[in-house]
Number of protein chains: 4
Amino acid sequence: MARARLRELGISIGRFSPGPLNAVTDVPGVLVGHSTVIHDAPSVARTGVTAILPRADIHADYAFAGFHSFNGFGEMTGVHWITESGLLTSPILLTNTNQVGLASQVLVEYGARMHGGAAFGLPIVGETYDGWLSEIDSFPLQKEHVLSALESAAAGPLAEGNVGGGTGMICYDFKGGIGTASRRFTIEAGTFVVGALVQANHGERPTLRFDGVPVGREIGPDSVPAPWPSPPFGGSILIIMATDAPLLPVQCRRLAQRAGVGLARTGGVGNNGSGDLFLAFSTANHYPAKPGPRLDIAMLPHTHLDALFEAGAEAVEEAILNALTAAETMVGRKGRRAEAIPLDRLAQVLARYRPSAPPGV
Amino acid sequence: MARARLRELGISIGRFSPGPLNAVTDVPGVLVGHSTVIHDAPSVARTGVTAILPRADIHADYAFAGFHSFNGFGEMTGVHWITESGLLTSPILLTNTNQVGLASQVLVEYGARMHGGAAFGLPIVGETYDGWLSEIDSFPLQKEHVLSALESAAAGPLAEGNVGGGTGMICYDFKGGIGTASRRFTIEAGTFVVGALVQANHGERPTLRFDGVPVGREIGPDSVPAPWPSPPFGGSILIIMATDAPLLPVQCRRLAQRAGVGLARTGGVGNNGSGDLFLAFSTANHYPAKPGPRLDIAMLPHTHLDALFEAGAEAVEEAILNALTAAETMVGRKGRRAEAIPLDRLAQVLARYRPSAPPGV
Amino acid sequence: MARARLRELGISIGRFSPGPLNAVTDVPGVLVGHSTVIHDAPSVARTGVTAILPRADIHADYAFAGFHSFNGFGEMTGVHWITESGLLTSPILLTNTNQVGLASQVLVEYGARMHGGAAFGLPIVGETYDGWLSEIDSFPLQKEHVLSALESAAAGPLAEGNVGGGTGMICYDFKGGIGTASRRFTIEAGTFVVGALVQANHGERPTLRFDGVPVGREIGPDSVPAPWPSPPFGGSILIIMATDAPLLPVQCRRLAQRAGVGLARTGGVGNNGSGDLFLAFSTANHYPAKPGPRLDIAMLPHTHLDALFEAGAEAVEEAILNALTAAETMVGRKGRRAEAIPLDRLAQVLARYRPSAPPGV
Amino acid sequence: MARARLRELGISIGRFSPGPLNAVTDVPGVLVGHSTVIHDAPSVARTGVTAILPRADIHADYAFAGFHSFNGFGEMTGVHWITESGLLTSPILLTNTNQVGLASQVLVEYGARMHGGAAFGLPIVGETYDGWLSEIDSFPLQKEHVLSALESAAAGPLAEGNVGGGTGMICYDFKGGIGTASRRFTIEAGTFVVGALVQANHGERPTLRFDGVPVGREIGPDSVPAPWPSPPFGGSILIIMATDAPLLPVQCRRLAQRAGVGLARTGGVGNNGSGDLFLAFSTANHYPAKPGPRLDIAMLPHTHLDALFEAGAEAVEEAILNALTAAETMVGRKGRRAEAIPLDRLAQVLARYRPSAPPGV
């Protein structure tokens, strides 16, 4: 059965409707690029890097952002400044654990080039660990891969699953990777969109749920093997949320914490060894790198944020599930095999839990 | 149909087994007392106070604790010191929004009495808003009610639903209140218990789930009316977690954040107007109020905490659902009526979502 | 020698000039009221309450604010919501440790009255411990005192020293209390003012400095006795900062942390038993209690904040010293005597440390 | 006049005595290594890297640690895990802004080598900006420099000033760099040492103070030129504190925040563009990378920490001043010259502010 997005399987999450692409790129201006590195020699590489640009000229036109650490066993660089100032001044890169350094260095150089030579910045680079499938100690990612992700970043539909930073990832003991989704919501101030992109490498099979259905319990390791020996450190998930709703930094941070709601609904509990790091940004306000004496900012009242919070949680939930349904079975180092969640089995399980009679009876 | 605990309805949450009482009082030494205030004159009161003592002599023998604010639209006093030091030096009181001041003052006086006259302390008092059913501006709680909760605190089984601080609360647009649950887990260091007690006054009907089943969507306001006009401010939930596992303060804080996992599974998204404040403590270590020169402390390694985190999330999830199934329909001020979730309808819904064929087919 | 403000002694702190009153009330709209409670029967009371209103109608027109805990051994209620939302929705009360509850309750009732009966709110009440001089366990503050502070709050010059919440406080082993100061600063966007009000009850004599001069070392306990037995718990300081510069919440929090700079310059190290809690607010933006669909907000760029930070630190430093020079020797319970810093000795010490020859030699 | 340590100039800071080396290496087991990179071709390099190992086998025997961001305009990687767990599992590297990535990558590889090939870890790398003197965009630091700093790390006396990560740094508009100091303190549990190492690249001349004396005001830019054009971004300071006192993670974090006290005393206000990031660790407890089922931990009671806090603040203050008095005038890119603080002028200023008559007169 070909891989699919969750909605292609007839499953909808939540109360809100997705944007046209059901992707983080539904937020106008947001660009995403993947660079995928798969080879078996000289080392076995199953890795890559994903670039998210809040806007094309983020180096010159900063956005507001907020961060939340649901479980800090992981790295996302550049966050001290986001916490301090609420400013996002850099593209965001997602990659493998060992190559945060490389990605960070390239991002500094890239920033320098974008500014005619004056490198500076606090690059944002997040990581999850793909060393179960990939020879991570061979440091397979190269500078050109990072630049490629940055330079190919584009609007429009996104590849999911075994791409970019998600290439070698494992999620709920199935093959994981990159997933995305979005939601539109209408409040007094207008209609806005909130999108999520995840690099999903977390979780244990038994707690996995799709729209509340205990799929992980139903598709046990007897029928679909789990990685063995278990990946060390318990995995991790990076969640990036974007919206065009006008938010202050403090509101972005509130949104970031709601990523944990979507994560929990799929079965995440924030295992000790999981780096569950969430970043949310809003593209509505513009903060020029060379600002005038005072800036005019728009914000939604806090009392109008409930739709954003719920829609955001839904987008995260669906993005994680999209990572699972999009990812394909992958064979990596030492012949290890990470099984994709079988879509036919998934459909059967979901059908079995479908209500047996019309509501209201 | 008489009110019941969730398990009496045949519903189990999660992978871990509860302690003998399935209550926070399964943690040895933890005491809980309720004082319930219900009258129609001189004002309409539907309120109360719940006291949780980590141990009988908490004023003399401190415990480690940690705090997490999932959404800060609420009050829990005394938290700056917990965040700073990791010490819990006070009983915990849960009550209505307007009477945090009273409860706080009584707790100071009570502490003074326990210490022969030298009052000092940073009392821990949390609140949720019961003003939809209760004439909260009449300040119905009296000093003797607070003392009664403290002095009646005991080990053993707990009353749930419309008792103590939960008396007038509303949860997912049904009658809410106090709920509790516990889980046992075995790790290399031994078998431990983690318990939760919630004062549940949060959430919107449509997102409510029982063990993943969309009960709130199925039992809509057409069949069971929701409070109208809506309670202002979106409600709140206070979650207290206790364990006898030996934790450092930093580990208690980690546990506290996992309360949000249990909350999210039941449908919580952290609405703007919800004060979702979580406190977790461990009774294993003893920190005397008058300590010697150095203290010997035990801790579990972080890498052994996954069972605690998952068991804790389960206990929170079940405690919230217990609050709903235990609470009875209540009529309050202006004749307002908060409907209990109908247990027969609940059973029907859950049956409809029960898998229609054996797993593995 | 009559008590005086620091500048009346010929001492200036820092590089910036004060506003016309050299007080937090130089920030337009800010109101301050003191209620002082001194009696010897039925109990010995040396206490009071100070009210700070960011503006007269703060219940209806919220301000942005930020909080920092430099050392959390103390209470300031209502802070979870400030941290969450950046909104200050309440007057601020400063009082004694044991009566946070009373002040909180009265503030809720006061809020109810201001809104025609619908009490709600997350009252902001901070405390320091005056139990060395005052019979704090007699709970001497009454409801009318709290209301009086609120209702008498006014613009204009402020009383300092043994007034309001500062009445019974002790600072660097001298008599302490309330102090205030302000600074004006001019940046590209215009001229603004930042003010501080402190309730100073912290510190040990040996580390006290005035403008860098080790006054505490020079005026030892042999010449001016220190309180004996030492006040328990090490004291505390509450610092409230106000500005009319347009700040986001995240910027208010940055300003709040700078209060620690002023505190450290006077000799504060954040002793274990000191509740050193800082709150900063900006009056420039208006956030109506009943907001429209979207709010227009002004902010200074972060890169323009250095003058604010330094001016704010200066205001705090001078406010603490003003508390010391304004406070008068006080005799309290058990005949205990807290000595005011002797201004003649202070002047001598400062003169001795004055540079002995013109700069540049 | 040859460069000197502060104490060699006859200046003592504070009430506590230093350890035998007056350096962070007074804490038993702590190792420090510098690698200094100075060349004029192919690019102008004035940079380097400093390695701090809490103990030789930190990869196998973790220490407790805590972090505080006084101003977040800077990078220190690996901190999410410290905040989450209180564990320090990596050496600490301090280097230039653009080469955090390189240092991070090398640290991962180094960790891999130390563990026989299994690289993993959350490397701790901090940075300040040396681009005023050094062609930072030439990325002059090489892998071998990083390894050299790690491998040469040793106990014993330390070089200060223009060495290691501090090579090209500027502080209070004088030449800055690496500085260190320590303090011993005796409490009921015994005698302990607390040490600090700073990479000082922060501050503006006018606020600089030595032991309270306004040295920066006295030695103005007319007599000793300040860097011009000003270094962008306002500089930064990294402060690492170490102690052999037995602390919990929460206590390490408390200690870390006190670094700001020492910084403020020297004139630091946390400028907007300053990355003022503080890390404190305790070597007393041992947390094996492969722990048993439960760990026995020792802690000091919080009430016994005041000496640690004050001694730590003193060590930080003196370490910053040592960086200034040790650093030599440096000429860098574009012929730019960063002047060392002239020690003769410094002595004159300090003499002028020395008290003009015996105390007590």
# chains A, B, ... in the order shown; residues from 1 in each chain; ligands from 1

call {"tool": "interface_residues", "arguments": {"of": "chain A", "to": "chain C", "cutoff": "6 Å", "atoms": "only C-alpha atoms", "output": "short mmCIF file (atom, residue, chain, number, x, y, z; two decimals) with N, CA, C and O atoms, in the first residue's frame"}}
result
data_model
loop_
_atom_site.label_atom_id
_atom_site.label_comp_id
_atom_site.auth_asym_id
_atom_site.auth_seq_id
_atom_site.Cartn_x
_atom_site.Cartn_y
_atom_site.Cartn_z
N GLU A 188 -12.81 37.05 15.92
CA GLU A 188 -13.32 38.38 15.63
C GLU A 188 -12.39 39.17 14.70
O GLU A 188 -12.84 39.93 13.83
N ALA A 189 -11.11 39.00 14.89
CA ALA A 189 -10.15 39.78 14.11
C ALA A 189 -9.96 39.26 12.70
O ALA A 189 -9.30 39.91 11.89
N PRO A 293 12.90 54.34 15.78
CA PRO A 293 12.88 54.62 17.22
C PRO A 293 11.80 53.87 18.00
O PRO A 293 11.94 53.67 19.21
N ARG A 294 10.78 53.49 17.31
CA ARG A 294 9.67 52.81 18.02
C ARG A 294 8.93 51.96 17.00
O ARG A 294 8.85 52.32 15.84
N LEU A 295 8.41 50.86 17.44
CA LEU A 295 7.75 49.93 16.54
C LEU A 295 6.28 49.81 16.88
O LEU A 295 5.91 49.79 18.06
N ASP A 296 5.47 49.73 15.85
CA ASP A 296 4.04 49.49 16.03
C ASP A 296 3.75 48.02 15.84
O ASP A 296 4.11 47.43 14.82
N ILE A 297 3.11 47.47 16.81
CA ILE A 297 2.90 46.03 16.90
C ILE A 297 1.40 45.78 17.04
O ILE A 297 0.71 46.55 17.70
N ALA A 298 0.94 44.70 16.44
CA ALA A 298 -0.45 44.30 16.65
C ALA A 298 -0.47 43.01 17.47
O ALA A 298 0.43 42.19 17.37
N MET A 299 -1.49 42.89 18.27
CA MET A 299 -1.65 41.65 19.03
C MET A 299 -3.12 41.29 19.10
O MET A 299 -3.99 42.15 19.08
N LEU A 300 -3.38 40.00 19.20
CA LEU A 300 -4.72 39.55 19.57
C LEU A 300 -4.84 39.64 21.08
O LEU A 300 -3.87 39.37 21.80
#

call {"tool": "select_by_dssp", "arguments": {"residues": "range 43-159 of chain D", "states": "alpha helix (DSSP H)", "output": "number ranges by chain"}}
result
D: 79-85, 100-114, 143-151

call {"tool": "closest_residue", "arguments": {"among": "D:Cys252, D:Val224, D:Val269, D:Ile82", "to": "Arg345 in chain D", "atoms": "only C-alpha atoms"}}
result
D:Val224

call {"tool": "residues_around", "arguments": {"residues": "Ala196 in chain B", "least_positions_apart": "6", "cutoff": "7 Å", "atoms": "only C-alpha atoms", "output": "ChimeraX atom specification"}}
result
/B:23-24,180-182,239-242,315-316,319
